[in-house]
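Here is the file run39.cif (mmCIF, C-alpha atoms).
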```cif
data_run
loop_
_atom_site.group_PDB
_atom_site.id
_atom_site.type_symbol
_atom_site.label_atom_id
_atom_site.label_comp_id
_atom_site.auth_asym_id
_atom_site.auth_seq_id
_atom_site.Cartn_x
_atom_site.Cartn_y
_atom_site.Cartn_z
ATOM 1 C CA MET A 1 86.821 145.763 168.942
ATOM 2 C CA SER A 2 89.855 143.787 170.069
ATOM 3 C CA TYR A 3 93.358 144.757 169.008
ATOM 4 C CA ASP A 4 95.873 142.016 168.285
ATOM 5 C CA SER A 5 99.345 143.384 168.926
ATOM 6 C CA ASN A 6 100.928 140.198 167.553
ATOM 7 C CA VAL A 7 99.339 140.759 164.148
ATOM 8 C CA HIS A 8 100.543 144.372 164.118
ATOM 9 C CA GLU A 9 104.049 143.294 165.105
ATOM 10 C CA LEU A 10 104.074 140.590 162.446
ATOM 11 C CA SER A 11 102.921 143.047 159.763
ATOM 12 C CA ALA A 12 105.569 145.567 160.775
ATOM 13 C CA ARG A 13 108.228 142.843 160.711
ATOM 14 C CA SER A 14 107.073 141.645 157.276
ATOM 15 C CA PHE A 15 107.128 145.187 155.895
ATOM 16 C CA SER A 16 110.586 145.812 157.319
ATOM 17 C CA SER A 17 111.838 142.568 155.807
ATOM 18 C CA ALA A 18 110.285 143.391 152.428
ATOM 19 C CA ILE A 19 111.981 146.782 152.072
ATOM 20 C CA THR A 20 115.341 145.639 153.454
ATOM 21 C CA PRO A 21 117.662 144.867 150.519
ATOM 22 C CA ASN A 22 119.515 141.570 150.452
ATOM 23 C CA ALA A 23 123.134 141.194 149.345
ATOM 24 C CA THR A 24 122.306 141.079 145.626
ATOM 25 C CA GLN A 25 120.031 144.089 145.903
ATOM 26 C CA ARG A 26 122.664 146.039 147.832
ATOM 27 C CA THR A 27 125.023 145.432 144.937
ATOM 28 C CA THR A 28 122.360 146.680 142.528
ATOM 29 C CA LEU A 29 121.814 149.790 144.643
ATOM 30 C CA LEU A 30 125.571 150.402 144.747
ATOM 31 C CA VAL A 31 125.765 150.116 140.964
ATOM 32 C CA ALA A 32 122.797 152.493 140.593
ATOM 33 C CA GLY A 33 124.537 154.955 142.911
ATOM 34 C CA CYS A 34 127.691 154.731 140.789
ATOM 35 C CA TYR A 35 125.569 155.357 137.700
ATOM 36 C CA ILE A 36 124.187 158.539 139.275
ATOM 37 C CA LEU A 37 127.693 159.737 140.138
ATOM 38 C CA ILE A 38 129.157 158.878 136.728
ATOM 39 C CA ILE A 39 126.248 160.418 134.826
ATOM 40 C CA GLY A 40 126.492 163.559 136.960
ATOM 41 C CA ILE A 41 130.201 163.887 136.163
ATOM 42 C CA LEU A 42 129.944 163.104 132.454
ATOM 43 C CA TRP A 43 126.971 165.451 132.104
ATOM 44 C CA HIS A 44 129.089 168.504 132.904
ATOM 45 C CA VAL A 45 132.534 167.593 131.559
ATOM 46 C CA PRO A 46 133.209 168.862 128.019
ATOM 47 C CA TYR A 47 134.045 166.173 125.452
ATOM 48 C CA LEU A 48 133.390 163.379 127.970
ATOM 49 C CA ASN A 49 129.675 164.226 127.908
ATOM 50 C CA PHE A 50 129.613 162.744 124.408
ATOM 51 C CA ILE A 51 129.781 159.302 126.075
ATOM 52 C CA ILE A 52 126.233 159.638 127.415
ATOM 53 C CA TYR A 53 124.956 161.666 124.449
ATOM 54 C CA PRO A 54 123.132 158.689 122.826
ATOM 55 C CA PHE A 55 121.387 157.934 126.108
ATOM 56 C CA LYS A 56 120.298 161.548 126.457
ATOM 57 C CA LEU A 57 118.723 161.267 123.028
ATOM 58 C CA LEU A 58 117.076 158.008 124.081
ATOM 59 C CA THR A 59 115.427 159.712 127.051
ATOM 60 C CA VAL A 60 114.242 162.476 124.725
ATOM 61 C CA GLY A 61 112.778 159.660 122.636
ATOM 62 C CA PHE A 62 110.968 158.327 125.719
ATOM 63 C CA HIS A 63 109.605 161.833 126.281
ATOM 64 C CA GLU A 64 108.238 162.164 122.758
ATOM 65 C CA MET A 65 107.015 158.576 122.731
ATOM 66 C CA SER A 66 105.031 159.276 125.911
ATOM 67 C CA HIS A 67 103.371 162.270 124.257
ATOM 68 C CA ALA A 68 102.453 160.083 121.293
ATOM 69 C CA PHE A 69 101.055 157.161 123.272
ATOM 70 C CA MET A 70 98.949 159.446 125.453
ATOM 71 C CA GLY A 71 97.760 161.110 122.273
ATOM 72 C CA VAL A 72 96.659 157.762 120.876
ATOM 73 C CA LEU A 73 94.889 156.905 124.145
ATOM 74 C CA THR A 74 92.968 160.196 123.994
ATOM 75 C CA GLY A 75 91.986 159.898 120.342
ATOM 76 C CA ALA A 76 94.721 161.970 118.690
ATOM 77 C CA ARG A 77 96.214 161.296 115.296
ATOM 78 C CA ILE A 78 100.020 161.171 115.454
ATOM 79 C CA HIS A 79 101.642 162.782 112.420
ATOM 80 C CA SER A 80 105.318 162.489 113.322
ATOM 81 C CA ILE A 81 107.995 162.198 115.975
ATOM 82 C CA GLU A 82 111.299 163.963 115.486
ATOM 83 C CA LEU A 83 114.552 164.077 117.438
ATOM 84 C CA ASP A 84 117.257 166.618 116.713
ATOM 85 C CA PRO A 85 121.012 166.526 117.469
ATOM 86 C CA ASP A 86 120.655 169.308 120.072
ATOM 87 C CA GLU A 87 118.784 166.896 122.373
ATOM 88 C CA GLY A 88 115.443 168.357 121.390
ATOM 89 C CA GLY A 89 112.372 166.667 120.070
ATOM 90 C CA ALA A 90 108.870 167.263 118.805
ATOM 91 C CA THR A 91 105.699 165.220 118.507
ATOM 92 C CA THR A 92 103.167 166.485 116.009
ATOM 93 C CA MET A 93 99.569 165.395 116.537
ATOM 94 C CA SER A 94 96.033 166.556 115.938
ATOM 95 C CA GLY A 95 93.231 165.995 118.391
ATOM 96 C CA GLY A 96 93.656 164.390 121.794
ATOM 97 C CA ILE A 97 93.319 165.984 125.213
ATOM 98 C CA PRO A 98 96.091 168.548 125.868
ATOM 99 C CA TRP A 99 95.478 168.341 129.627
ATOM 100 C CA LEU A 100 96.826 164.790 129.382
ATOM 101 C CA THR A 101 99.153 164.828 126.383
ATOM 102 C CA LEU A 102 101.263 167.791 127.552
ATOM 103 C CA PRO A 103 102.335 166.461 130.977
ATOM 104 C CA ALA A 104 102.675 162.946 129.536
ATOM 105 C CA GLY A 105 106.123 163.760 128.132
ATOM 106 C CA TYR A 106 107.890 164.381 131.433
ATOM 107 C CA LEU A 107 105.748 162.105 133.568
ATOM 108 C CA GLY A 108 105.641 159.280 131.026
ATOM 109 C CA SER A 109 109.403 159.191 130.531
ATOM 110 C CA GLY A 110 109.843 159.360 134.319
ATOM 111 C CA LEU A 111 107.478 156.417 134.725
ATOM 112 C CA ILE A 112 109.348 154.457 132.048
ATOM 113 C CA GLY A 113 112.615 155.170 133.828
ATOM 114 C CA ALA A 114 111.175 154.037 137.176
ATOM 115 C CA ALA A 115 109.845 150.818 135.613
ATOM 116 C CA LEU A 116 113.252 150.085 134.088
ATOM 117 C CA ILE A 117 114.953 150.707 137.438
ATOM 118 C CA ALA A 118 112.590 148.224 139.092
ATOM 119 C CA CYS A 119 113.223 145.656 136.354
ATOM 120 C CA GLY A 120 116.966 146.282 136.696
ATOM 121 C CA PHE A 121 116.859 144.368 139.983
ATOM 122 C CA ASP A 122 116.105 141.075 138.220
ATOM 123 C CA THR A 123 117.491 139.384 135.104
ATOM 124 C CA ASN A 124 114.221 137.926 133.829
ATOM 125 C CA ALA A 125 112.387 141.181 134.495
ATOM 126 C CA SER A 126 115.065 142.958 132.454
ATOM 127 C CA LYS A 127 114.450 140.580 129.575
ATOM 128 C CA VAL A 128 110.728 141.314 129.692
ATOM 129 C CA ALA A 129 111.474 145.046 129.907
ATOM 130 C CA SER A 130 113.702 144.779 126.836
ATOM 131 C CA LEU A 131 110.910 143.161 124.843
ATOM 132 C CA ALA A 132 108.505 145.882 126.017
ATOM 133 C CA LEU A 133 111.021 148.513 124.899
ATOM 134 C CA ALA A 134 111.158 146.807 121.528
ATOM 135 C CA VAL A 135 107.415 147.229 121.083
ATOM 136 C CA PHE A 136 107.739 150.926 121.966
ATOM 137 C CA PHE A 137 110.653 151.230 119.523
ATOM 138 C CA ILE A 138 108.613 149.760 116.670
ATOM 139 C CA PHE A 139 105.757 152.228 117.167
ATOM 140 C CA THR A 140 108.175 155.120 117.576
ATOM 141 C CA LEU A 141 110.074 154.208 114.431
ATOM 142 C CA TRP A 142 106.832 154.135 112.488
ATOM 143 C CA TRP A 143 105.906 157.601 113.685
ATOM 144 C CA ALA A 144 109.487 158.802 113.104
ATOM 145 C CA ARG A 145 109.929 157.067 109.764
ATOM 146 C CA ARG A 146 111.257 160.245 108.132
ATOM 147 C CA ASN A 147 113.660 161.112 110.961
ATOM 148 C CA LEU A 148 117.005 159.412 110.321
ATOM 149 C CA LEU A 149 118.466 160.282 113.734
ATOM 150 C CA THR A 150 115.681 158.415 115.512
ATOM 151 C CA TRP A 151 116.256 155.343 113.362
ATOM 152 C CA VAL A 152 120.006 155.328 113.959
ATOM 153 C CA LEU A 153 119.513 155.797 117.696
ATOM 154 C CA LEU A 154 116.876 153.114 118.236
ATOM 155 C CA LEU A 155 118.520 150.560 115.942
ATOM 156 C CA GLY A 156 121.780 151.165 117.801
ATOM 157 C CA MET A 157 120.080 150.669 121.169
ATOM 158 C CA SER A 158 118.389 147.518 119.851
ATOM 159 C CA GLY A 159 121.803 146.221 118.827
ATOM 160 C CA LEU A 160 123.158 146.821 122.348
ATOM 161 C CA ILE A 161 120.180 145.013 123.870
ATOM 162 C CA VAL A 162 120.801 142.014 121.596
ATOM 163 C CA LEU A 163 124.507 142.023 122.495
ATOM 164 C CA PHE A 164 123.998 142.319 126.256
ATOM 165 C CA TRP A 165 121.237 139.690 126.209
ATOM 166 C CA PHE A 166 123.907 137.054 125.539
ATOM 167 C CA LEU A 167 126.566 138.194 128.014
ATOM 168 C CA LYS A 168 126.849 136.381 131.372
ATOM 169 C CA GLY A 169 123.429 134.786 131.138
ATOM 170 C CA GLY A 170 121.661 138.110 130.737
ATOM 171 C CA GLU A 171 123.218 139.703 133.828
ATOM 172 C CA VAL A 172 124.873 142.401 131.715
ATOM 173 C CA LEU A 173 121.464 143.178 130.194
ATOM 174 C CA ARG A 174 120.107 143.692 133.713
ATOM 175 C CA TYR A 175 122.676 146.360 134.474
ATOM 176 C CA PHE A 176 122.126 147.950 131.070
ATOM 177 C CA VAL A 177 118.374 148.208 131.713
ATOM 178 C CA LEU A 178 119.157 149.649 135.147
ATOM 179 C CA PHE A 179 121.438 152.251 133.560
ATOM 180 C CA ILE A 180 118.796 153.332 131.048
ATOM 181 C CA GLY A 181 116.264 153.625 133.872
ATOM 182 C CA VAL A 182 118.565 155.759 136.034
ATOM 183 C CA MET A 183 119.522 157.891 133.040
ATOM 184 C CA SER A 184 115.885 158.469 132.103
ATOM 185 C CA CYS A 185 114.843 159.483 135.623
ATOM 186 C CA LEU A 186 117.811 161.830 136.054
ATOM 187 C CA TYR A 187 117.209 163.431 132.667
ATOM 188 C CA VAL A 188 113.555 164.062 133.508
ATOM 189 C CA LEU A 189 114.476 165.683 136.829
ATOM 190 C CA TRP A 190 117.160 167.843 135.250
ATOM 191 C CA ASP A 191 115.054 168.770 132.221
ATOM 192 C CA VAL A 192 112.087 169.872 134.354
ATOM 193 C CA ILE A 193 114.379 172.013 136.520
ATOM 194 C CA ASP A 194 116.206 173.494 133.541
ATOM 195 C CA ASP A 195 113.163 174.220 131.373
ATOM 196 C CA THR A 196 110.589 175.343 133.904
ATOM 197 C CA ILE A 197 112.165 176.241 137.249
ATOM 198 C CA ALA A 198 115.711 177.540 136.713
ATOM 199 C CA ARG A 199 114.733 179.346 133.515
ATOM 200 C CA LYS A 200 111.409 179.821 131.785
ATOM 201 C CA VAL A 201 111.294 178.303 128.302
ATOM 202 C CA ASN A 202 108.258 179.627 126.462
ATOM 203 C CA ALA A 203 108.112 176.592 124.196
ATOM 204 C CA SER A 204 108.238 174.075 127.055
ATOM 205 C CA ASP A 205 105.438 171.642 127.867
ATOM 206 C CA ALA A 206 104.903 173.379 131.211
ATOM 207 C CA SER A 207 104.456 176.768 129.526
ATOM 208 C CA ALA A 208 101.933 175.336 127.077
ATOM 209 C CA PHE A 209 100.135 173.576 129.908
ATOM 210 C CA ALA A 210 100.029 176.792 131.980
ATOM 211 C CA LYS A 211 98.408 178.635 129.071
ATOM 212 C CA ILE A 212 95.702 175.982 128.803
ATOM 213 C CA CYS A 213 95.128 175.660 132.531
ATOM 214 C CA GLY A 214 95.535 179.311 133.466
ATOM 215 C CA CYS A 215 95.548 178.682 137.219
ATOM 216 C CA PHE A 216 99.321 178.452 137.855
ATOM 217 C CA PRO A 217 102.445 179.721 136.085
ATOM 218 C CA SER A 218 104.723 177.235 134.342
ATOM 219 C CA GLN A 219 107.217 177.227 137.230
ATOM 220 C CA VAL A 220 104.555 175.897 139.596
ATOM 221 C CA TRP A 221 103.635 173.113 137.197
ATOM 222 C CA GLY A 222 107.334 172.399 136.823
ATOM 223 C CA VAL A 223 107.667 171.933 140.584
ATOM 224 C CA ILE A 224 104.592 169.674 140.662
ATOM 225 C CA TRP A 225 105.911 167.537 137.815
ATOM 226 C CA LEU A 226 109.345 167.450 139.443
ATOM 227 C CA ILE A 227 107.870 166.095 142.676
ATOM 228 C CA ILE A 228 105.859 163.469 140.805
ATOM 229 C CA ALA A 229 108.920 162.427 138.759
ATOM 230 C CA PHE A 230 110.989 162.095 141.938
ATOM 231 C CA ILE A 231 108.247 159.970 143.525
ATOM 232 C CA PHE A 232 108.353 157.705 140.449
ATOM 233 C CA PHE A 233 112.121 157.385 140.875
ATOM 234 C CA VAL A 234 111.828 156.400 144.543
ATOM 235 C CA LEU A 235 108.960 153.997 143.841
ATOM 236 C CA GLY A 236 111.002 152.316 141.118
ATOM 237 C CA VAL A 237 113.708 151.522 143.668
ATOM 238 C CA ILE A 238 111.214 150.375 146.299
ATOM 239 C CA VAL A 239 109.328 148.124 143.875
ATOM 240 C CA GLY A 240 112.603 146.594 142.720
ATOM 241 C CA ILE A 241 113.596 145.799 146.308
ATOM 242 C CA VAL A 242 110.202 144.421 147.324
ATOM 243 C CA ALA A 243 109.409 142.441 144.171
ATOM 244 C CA PHE A 244 112.755 140.843 143.302
ATOM 245 C CA LYS A 245 114.311 139.145 146.303
ATOM 246 C CA GLN A 246 116.147 136.426 144.397
ATOM 247 C CA SER A 247 119.864 136.115 144.898
ATOM 248 C CA ALA A 248 122.251 136.405 141.972
ATOM 249 C CA ALA A 249 122.513 132.610 141.829
ATOM 250 C CA GLN A 250 118.725 132.212 141.810
ATOM 251 C CA GLN A 251 118.380 134.813 139.070
ATOM 252 C CA ALA A 252 120.981 133.021 136.969
ATOM 253 C CA GLU A 253 119.082 129.756 137.390
ATOM 254 C CA ASP A 254 115.706 131.350 136.603
ATOM 255 C CA ALA A 255 117.163 133.050 133.534
ATOM 256 C CA LYS A 256 117.960 129.641 132.054
ATOM 257 C CA HIS A 257 114.239 128.987 131.680
ATOM 258 C CA LEU A 258 113.042 132.334 130.268
ATOM 259 C CA LEU A 259 114.466 132.987 126.820
ATOM 260 C CA PRO A 260 117.825 131.554 127.905
ATOM 261 C CA VAL A 261 121.153 132.564 126.434
ATOM 262 C CA PRO A 262 123.226 130.049 124.483
ATOM 263 C CA GLY A 263 124.714 127.460 126.782
ATOM 264 C CA THR A 264 123.019 124.247 125.794
ATOM 265 C CA SER A 265 121.910 122.950 122.440
ATOM 266 C CA ASP A 266 118.261 123.015 123.585
ATOM 267 C CA ALA A 267 118.480 126.664 124.578
ATOM 268 C CA LEU A 268 120.309 127.908 121.513
ATOM 269 C CA ALA A 269 117.422 128.221 119.082
ATOM 270 C CA LEU A 270 115.091 129.783 121.623
ATOM 271 C CA SER A 271 117.689 132.181 122.976
ATOM 272 C CA LEU A 272 118.611 133.477 119.560
ATOM 273 C CA SER A 273 115.061 133.780 118.329
ATOM 274 C CA ALA A 274 113.662 136.537 120.546
ATOM 275 C CA PRO A 275 116.319 139.268 120.400
ATOM 276 C CA LEU A 276 117.518 138.534 116.869
ATOM 277 C CA THR A 277 113.994 138.317 115.490
ATOM 278 C CA LEU A 278 113.269 141.638 117.121
ATOM 279 C CA PHE A 279 116.344 143.255 115.592
ATOM 280 C CA SER A 280 115.558 141.795 112.172
ATOM 281 C CA ILE A 281 111.998 143.164 112.332
ATOM 282 C CA LEU A 282 113.275 146.663 113.061
ATOM 283 C CA SER A 283 115.826 146.417 110.266
ATOM 284 C CA SER A 284 113.254 145.069 107.812
ATOM 285 C CA VAL A 285 110.817 147.896 108.594
ATOM 286 C CA PHE A 286 113.622 150.393 108.072
ATOM 287 C CA LEU A 287 114.556 148.912 104.682
ATOM 288 C CA ALA A 288 110.913 148.776 103.630
ATOM 289 C CA LEU A 289 110.506 152.496 104.310
ATOM 290 C CA LEU A 290 113.566 153.527 102.310
#
```
Show this structure as structure tokens.
Amino acid sequence: MSYDSNVHELSARSFSSAITPNATQRTTLLVAGCYILIIGILWHVPYLNFIIYPFKLLTVGFHEMSHAFMGVLTGARIHSIELDPDEGGATTMSGGIPWLTLPAGYLGSGLIGAALIACGFDTNASKVASLALAVFFIFTLWWARRNLLTWVLLLGMSGLIVLFWFLKGGEVLRYFVLFIGVMSCLYVLWDVIDDTIARKVNASDASAFAKICGCFPSQVWGVIWLIIAFIFFVLGVIVGIVAFKQSAAQQAEDAKHLLPVPGTSDALALSLSAPLTLFSILSSVFLALL
């Protein structure tokens, strides 16, 4: 069998080019790094940590939502989702496969965070991610229809998405989606460490999973989930770099053709329809359930 060194060299060069960030992506990575630093500071500073409190609750919502969706996929009946002011949450279900529903909370929210980080590299991808979040919000609000905190949180986040959609051609939305993704991944990493490795919480998902599995203690499962969550985080960055190579100018031009923001009379009706219709649907469902 012959070996073509030119093909190998070309493949290596293509791979190197694909994972090398361009100027726009370097800016995105710098912003993501600043997010990590700012979140780390605010997390541990009294009073200032209130600034990121709503986003902590949102990541708890991702956690519970992941439990619920995995429950649905494994045949469970979802009774309710609840968030509490102490950054806790609970998903009540009957049926399903605990082997899958229990780890789905940490791993699912980590995967969501990684996907949002990847989409945070591109304006149009951030728009699509926002619409996907809206679908998740609608299901979550239905399951949490008796939990006022969840409604206030998700309606507030929907309002921010609508607002940022219209700022600077959607570029502000891109950085907002990136922030939520970074916040979600960091929260998963910290929560796994805090609940299962640094201290053993008997009511944690890892403890419940260890009781069902029986082969490892909860700390071991915590380490395994931590590694997987970190891999998701890294893959989110890599996918963002490889998949979205457009410059800032190219993204701005592309964004004019996918649910564009107001700027021309032709774009106005279309640009207003998607985010505002979404927000009105959420509000209408809320009023209907009162």
Phe166 of chain A proximity check over A:Arg145, A:Arg26, A:Lys256, A:Lys245, using only C-alpha atoms: winner is A:Lys256
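Among A:Tyr47, A:Phe136, A:Phe55, A:Trp99, the residue with the shortest atom-to-atom distance to Val177 of chain A, counting all atoms listed in the file, is A:Phe55.
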(Q) For this structure, which residues satisfy the selection - the PyMOL selection byres ((chain A and resi 208-210) around 9) - when it is evaluated on the file as given? I want them as an NGL selection string. (A) :A and (98-99 or 102-103 or 202-207 or 211-221)
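Atom CA of Gly61 of chain A to atom CA of Gly169 of chain A spans 28.4 Å [interatomic distance, one decimal].
When all atoms listed in the file are used to compute distances to Gly113 of chain A, the closest of the residues A:Leu258, A:Leu30, A:Ala129, A:Ala252 turns out to be A:Ala129.
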Practice task
Name the residues captured by the PyMOL selection byres ((chain A and resi 228) around 12) when it is applied to the shown file; answer as a PyMOL selection string.
Solution key: chain A and resi 103-104+106-111+114+185+188-189+192+221-227+229-235
When you look at Lys56 of chain A with a cut-off of 8 Å (counting only C-alpha atoms), what residues show up, excluding the ones that are within fewer than 5 positions of it in the same chain? I need them as a list of chain:residue names.
A:Glu87, A:Met183, A:Ser184, A:Tyr187
Could those residues be written to a file, using C-alpha atoms, as a compact mmCIF listing (two decimals), in the frame of the given file?
```
# COMPACT_ATOMS: atom_id res chain seq x y z
CA GLU A 87 118.78 166.90 122.37
CA MET A 183 119.52 157.89 133.04
CA SER A 184 115.88 158.47 132.10
CA TYR A 187 117.21 163.43 132.67
```
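Each of A:Val152, A:Leu73, A:Ile112, A:Leu131 was compared to Val182 of chain A using all atoms listed in the file, and A:Ile112 turns out to be the nearest.
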